[in-house]
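J.: start.cif (mmCIF, C-alpha atoms) pasted underneath:
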data_work
#
loop_
_atom_site.group_PDB
_atom_site.id
_atom_site.type_symbol
_atom_site.label_atom_id
_atom_site.label_comp_id
_atom_site.auth_asym_id
_atom_site.auth_seq_id
_atom_site.Cartn_x
_atom_site.Cartn_y
_atom_site.Cartn_z
ATOM 1 C CA MET F 1004 107.987 90.616 122.360
ATOM 2 C CA ASN F 1005 111.245 88.853 121.651
ATOM 3 C CA SER F 1006 113.363 90.836 119.151
ATOM 4 C CA LYS F 1007 114.580 87.598 117.524
ATOM 5 C CA LYS F 1008 111.046 86.629 116.487
ATOM 6 C CA ILE F 1009 109.888 87.453 112.994
ATOM 7 C CA LEU F 1010 107.137 90.087 113.037
ATOM 8 C CA ILE F 1011 104.546 89.065 110.436
ATOM 9 C CA HIS F 1012 101.824 91.531 109.407
ATOM 10 C CA ILE F 1013 98.453 89.794 109.150
ATOM 11 C CA GLU F 1014 97.162 91.919 106.264
ATOM 12 C CA THR F 1015 99.935 90.839 103.897
ATOM 13 C CA LEU F 1016 101.600 87.895 105.690
ATOM 14 C CA SER F 1017 104.849 89.730 105.079
ATOM 15 C CA THR F 1018 107.794 91.150 106.978
ATOM 16 C CA THR F 1019 110.912 93.244 106.490
ATOM 17 C CA SER F 1020 112.670 91.657 109.472
ATOM 18 C CA ASN F 1021 116.380 90.861 109.090
ATOM 19 C CA ASN F 1022 115.658 87.559 110.841
ATOM 20 C CA ALA F 1023 113.203 86.687 108.070
ATOM 21 C CA PHE F 1024 115.843 87.294 105.381
ATOM 22 C CA SER F 1025 118.323 85.139 107.313
ATOM 23 C CA LEU F 1026 115.750 82.358 107.639
ATOM 24 C CA PHE F 1027 114.959 82.624 103.925
ATOM 25 C CA ASP F 1028 118.642 82.261 103.039
ATOM 26 C CA LYS F 1029 119.016 79.293 105.386
ATOM 27 C CA SER F 1030 115.715 77.425 104.991
ATOM 28 C CA LYS F 1031 113.795 79.046 102.092
ATOM 29 C CA PHE F 1032 110.861 80.183 104.231
ATOM 30 C CA GLY F 1033 108.722 82.642 102.262
ATOM 31 C CA GLU F 1034 109.366 84.416 98.978
ATOM 32 C CA LYS F 1035 111.565 87.492 98.513
ATOM 33 C CA LYS F 1036 109.606 90.307 96.843
ATOM 34 C CA SER F 1037 110.253 94.055 96.892
ATOM 35 C CA LYS F 1038 112.528 94.053 99.959
ATOM 36 C CA LYS F 1039 110.016 91.926 101.890
ATOM 37 C CA ILE F 1040 109.542 88.295 102.712
ATOM 38 C CA ILE F 1041 106.008 87.139 101.924
ATOM 39 C CA TYR F 1042 104.719 83.961 103.560
ATOM 40 C CA SER F 1043 102.063 81.473 102.575
ATOM 41 C CA PRO F 1044 99.453 80.924 105.292
ATOM 42 C CA TYR F 1045 101.125 77.570 106.046
ATOM 43 C CA GLU F 1046 104.567 79.138 106.448
ATOM 44 C CA ALA F 1047 103.234 81.941 108.658
ATOM 45 C CA PHE F 1048 101.287 79.501 110.838
ATOM 46 C CA PHE F 1049 104.318 77.224 111.165
ATOM 47 C CA LEU F 1050 106.579 80.099 112.232
ATOM 48 C CA ILE F 1051 104.063 81.223 114.837
ATOM 49 C CA GLU F 1052 103.390 77.690 116.093
ATOM 50 C CA THR F 1053 107.117 76.980 116.445
ATOM 51 C CA ASN F 1054 107.603 80.268 118.295
ATOM 52 C CA LYS F 1055 109.821 81.793 115.591
ATOM 53 C CA GLY F 1056 107.231 84.350 114.504
ATOM 54 C CA VAL F 1057 104.595 86.687 115.868
ATOM 55 C CA LEU F 1058 101.503 87.772 113.954
ATOM 56 C CA LEU F 1059 100.676 91.469 114.200
ATOM 57 C CA LYS F 1060 97.672 93.623 113.392
ATOM 58 C CA ASN F 1061 98.056 97.348 114.034
ATOM 59 C CA ASN F 1062 101.273 96.532 115.959
ATOM 60 C CA LYS F 1063 99.373 94.275 118.385
ATOM 61 C CA GLU F 1064 99.974 90.556 118.640
ATOM 62 C CA ILE F 1065 97.243 88.261 117.294
ATOM 63 C CA GLU F 1066 96.696 84.966 119.108
ATOM 64 C CA ILE F 1067 97.427 81.838 117.078
ATOM 65 C CA ASP F 1068 93.959 80.353 117.688
ATOM 66 C CA LYS F 1069 92.286 83.414 116.173
ATOM 67 C CA PHE F 1070 94.578 83.139 113.143
ATOM 68 C CA GLU F 1071 93.845 79.412 112.907
ATOM 69 C CA ARG F 1072 90.073 80.011 112.884
ATOM 70 C CA SER F 1073 90.419 82.577 110.090
ATOM 71 C CA LEU F 1074 92.528 80.163 108.010
ATOM 72 C CA ILE F 1075 90.019 77.323 108.478
ATOM 73 C CA LYS F 1076 87.211 79.677 107.471
ATOM 74 C CA LYS F 1077 89.073 80.473 104.218
ATOM 75 C CA GLU F 1078 90.126 76.881 103.509
ATOM 76 C CA LYS F 1079 88.164 73.973 104.980
ATOM 77 C CA ASN F 1080 91.106 71.557 104.539
ATOM 78 C CA PHE F 1081 93.634 73.902 106.127
ATOM 79 C CA LEU F 1082 94.434 71.685 109.126
ATOM 80 C CA THR F 1083 94.838 68.530 107.010
ATOM 81 C CA ASN F 1084 97.123 70.353 104.597
ATOM 82 C CA TYR F 1085 98.981 72.067 107.424
ATOM 83 C CA GLN F 1086 99.799 68.759 109.143
ATOM 84 C CA SER F 1087 101.381 67.549 105.902
ATOM 85 C CA PHE F 1088 103.244 70.850 105.488
ATOM 86 C CA LYS F 1089 104.546 70.716 109.071
ATOM 87 C CA ASN F 1090 105.631 67.082 108.800
ATOM 88 C CA LEU F 1091 107.545 67.711 105.576
ATOM 89 C CA ARG F 1092 109.164 70.909 106.896
ATOM 90 C CA LYS F 1093 110.328 69.165 110.064
ATOM 91 C CA LYS F 1094 111.950 66.514 107.869
ATOM 92 C CA GLY F 1095 113.913 69.264 106.077
ATOM 93 C CA TYR F 1096 111.953 69.559 102.843
ATOM 94 C CA ILE F 1097 111.113 72.918 101.289
ATOM 95 C CA VAL F 1098 107.348 73.135 100.777
ATOM 96 C CA LYS F 1099 105.767 75.749 98.498
ATOM 97 C CA ALA F 1100 102.312 76.359 97.020
ATOM 98 C CA GLY F 1101 101.525 74.081 94.103
ATOM 99 C CA ILE F 1102 98.347 75.701 92.784
ATOM 100 C CA LYS F 1103 99.913 76.538 89.388
ATOM 101 C CA PHE F 1104 100.624 72.842 88.970
ATOM 102 C CA GLY F 1105 97.188 71.612 90.068
ATOM 103 C CA SER F 1106 98.259 70.488 93.529
ATOM 104 C CA THR F 1107 98.363 71.853 97.041
ATOM 105 C CA PHE F 1108 102.139 71.768 97.454
ATOM 106 C CA ARG F 1109 105.390 71.578 95.516
ATOM 107 C CA ILE F 1110 108.074 69.775 97.487
ATOM 108 C CA TYR F 1111 111.798 70.364 97.084
ATOM 109 C CA GLU F 1112 114.679 68.527 98.647
ATOM 110 C CA SER F 1113 116.482 70.738 101.141
ATOM 111 C CA ASN F 1114 119.582 71.091 98.980
ATOM 112 C CA SER F 1115 117.714 72.120 95.804
ATOM 113 C CA SER F 1116 115.175 74.835 95.165
ATOM 114 C CA ILE F 1117 115.506 74.742 91.370
ATOM 115 C CA HIS F 1118 112.923 72.056 90.553
ATOM 116 C CA ALA F 1119 110.251 70.517 92.727
ATOM 117 C CA LYS F 1120 110.780 66.812 93.123
ATOM 118 C CA TRP F 1121 107.147 66.093 94.024
ATOM 119 C CA LEU F 1122 103.664 67.587 93.846
ATOM 120 C CA MET F 1123 101.348 66.726 96.720
ATOM 121 C CA ASP F 1124 97.744 66.889 97.862
ATOM 122 C CA ALA F 1125 96.690 65.778 101.334
ATOM 123 C CA PHE F 1126 93.533 63.796 101.989
ATOM 124 C CA ILE F 1127 91.884 62.456 105.107
ATOM 125 C CA ALA F 1128 92.061 58.658 105.011
ATOM 126 C CA THR F 1129 88.384 58.224 105.833
ATOM 127 C CA ASN F 1130 87.169 60.471 102.995
ATOM 128 C CA LYS F 1131 86.158 58.885 99.718
ATOM 129 C CA LEU F 1132 88.127 59.959 96.642
ATOM 130 C CA SER F 1133 86.905 59.913 93.110
ATOM 131 C CA LEU F 1134 89.151 58.589 90.395
ATOM 132 C CA LYS F 1135 89.372 62.161 89.072
ATOM 133 C CA ASP F 1136 90.637 63.431 92.451
ATOM 134 C CA LEU F 1137 93.162 60.635 92.644
#
Starting from the file, give its structure as structure tokens.
T.:
Amino acid sequence: MNSKKILIHIETLSTTSNNAFSLFDKSKFGEKKSKKIIYSPYEAFFLIETNKGVLLKNNKEIEIDKFERSLIKKEKNFLTNYQSFKNLRKKGYIVKAGIKFGSTFRIYESNSSIHAKWLMDAFIATNKLSLKDL
């Protein structure tokens, strides 16, 4: 295992890695809580997919496809939402959970984490939406 990778514990999606704190300071990945960085499932998956993180269970690496299956089982729209998350992150936006605000994500411009500029939900173009959903 590469020592520069962030070691993420599957039970809590958290880490105490110095690299994680550096990444938080630079790019606002995760949330700082009690001397840990805690990730959303989207953040953890992104870090693993981009080879910046490794998911561990009992100090053994978990394969990304196994993690992906567990996330899809918990949230049927995980892949749709994740594609939006990944696209926005690659463009430099800070993307956080928006559940308190009735949306999937809160989106911040990269230079500001004080107030979200947008709230976002992702939908598959072929799915029908009710007026209420819209």
J.: With all atoms listed in the file counted and 10 Å as the cut-off, give the residues of range 1100-1123 of chain F in contact with range 1067-1084 of chain F, each with its shortest interatomic distance in Å and the pair that gives it, as JSON lines.
T.:
{"residue": "F:Thr1107", "atom": "CA", "partner": "F:Asn1084", "partner_atom": "CA", "distance": 7.8}
{"residue": "F:Phe1108", "atom": "CA", "partner": "F:Asn1084", "partner_atom": "CA", "distance": 8.8}
{"residue": "F:Met1123", "atom": "CA", "partner": "F:Asn1084", "partner_atom": "CA", "distance": 9.6}
J.: Could you pull the residues within 8 Å of Ala1047 in chain F, counting only C-alpha atoms, minus those fewer than 5 positions along the same chain, as a list in words?
T.: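 Once the adjacent positions are removed, what remains is Ile1011, Leu1016, Tyr1042 and Gly1056 of chain F.
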J.: Kindly resolve the PyMOL selection byres ((chain F and resi 1039) around 8) on the present coordinates and return the residues as a VMD selection string.
T.: chain F and resid 1017 to 1019 1035 to 1038 1040 to 1041
J.: I'd like to know which of F:His1012, F:Lys1055, F:Lys1099, F:Lys1007 is closest to His1118 in chain F, using all atoms listed in the file.
T.: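 Once distances to His1118 in chain F are computed over all atoms listed in the file, the minimum belongs to F:Lys1099.
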J.: Ranking F:Leu1134, F:Leu1050, F:Ile1102, F:Ile1110 by minimum distance to Ile1009 in chain F and counting all atoms listed in the file, which one comes first?
T.: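 When distances to Ile1009 in chain F are compared using all atoms listed in the file, the smallest one comes from F:Leu1050.
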J.: Which one is closest to Glu1052 in chain F: F:Lys1094, F:Lys1135, F:Lys1031, F:Lys1008? Count only C-alpha atoms.
T.: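 Using only C-alpha atoms, the shortest distance to Glu1052 in chain F belongs to F:Lys1008.
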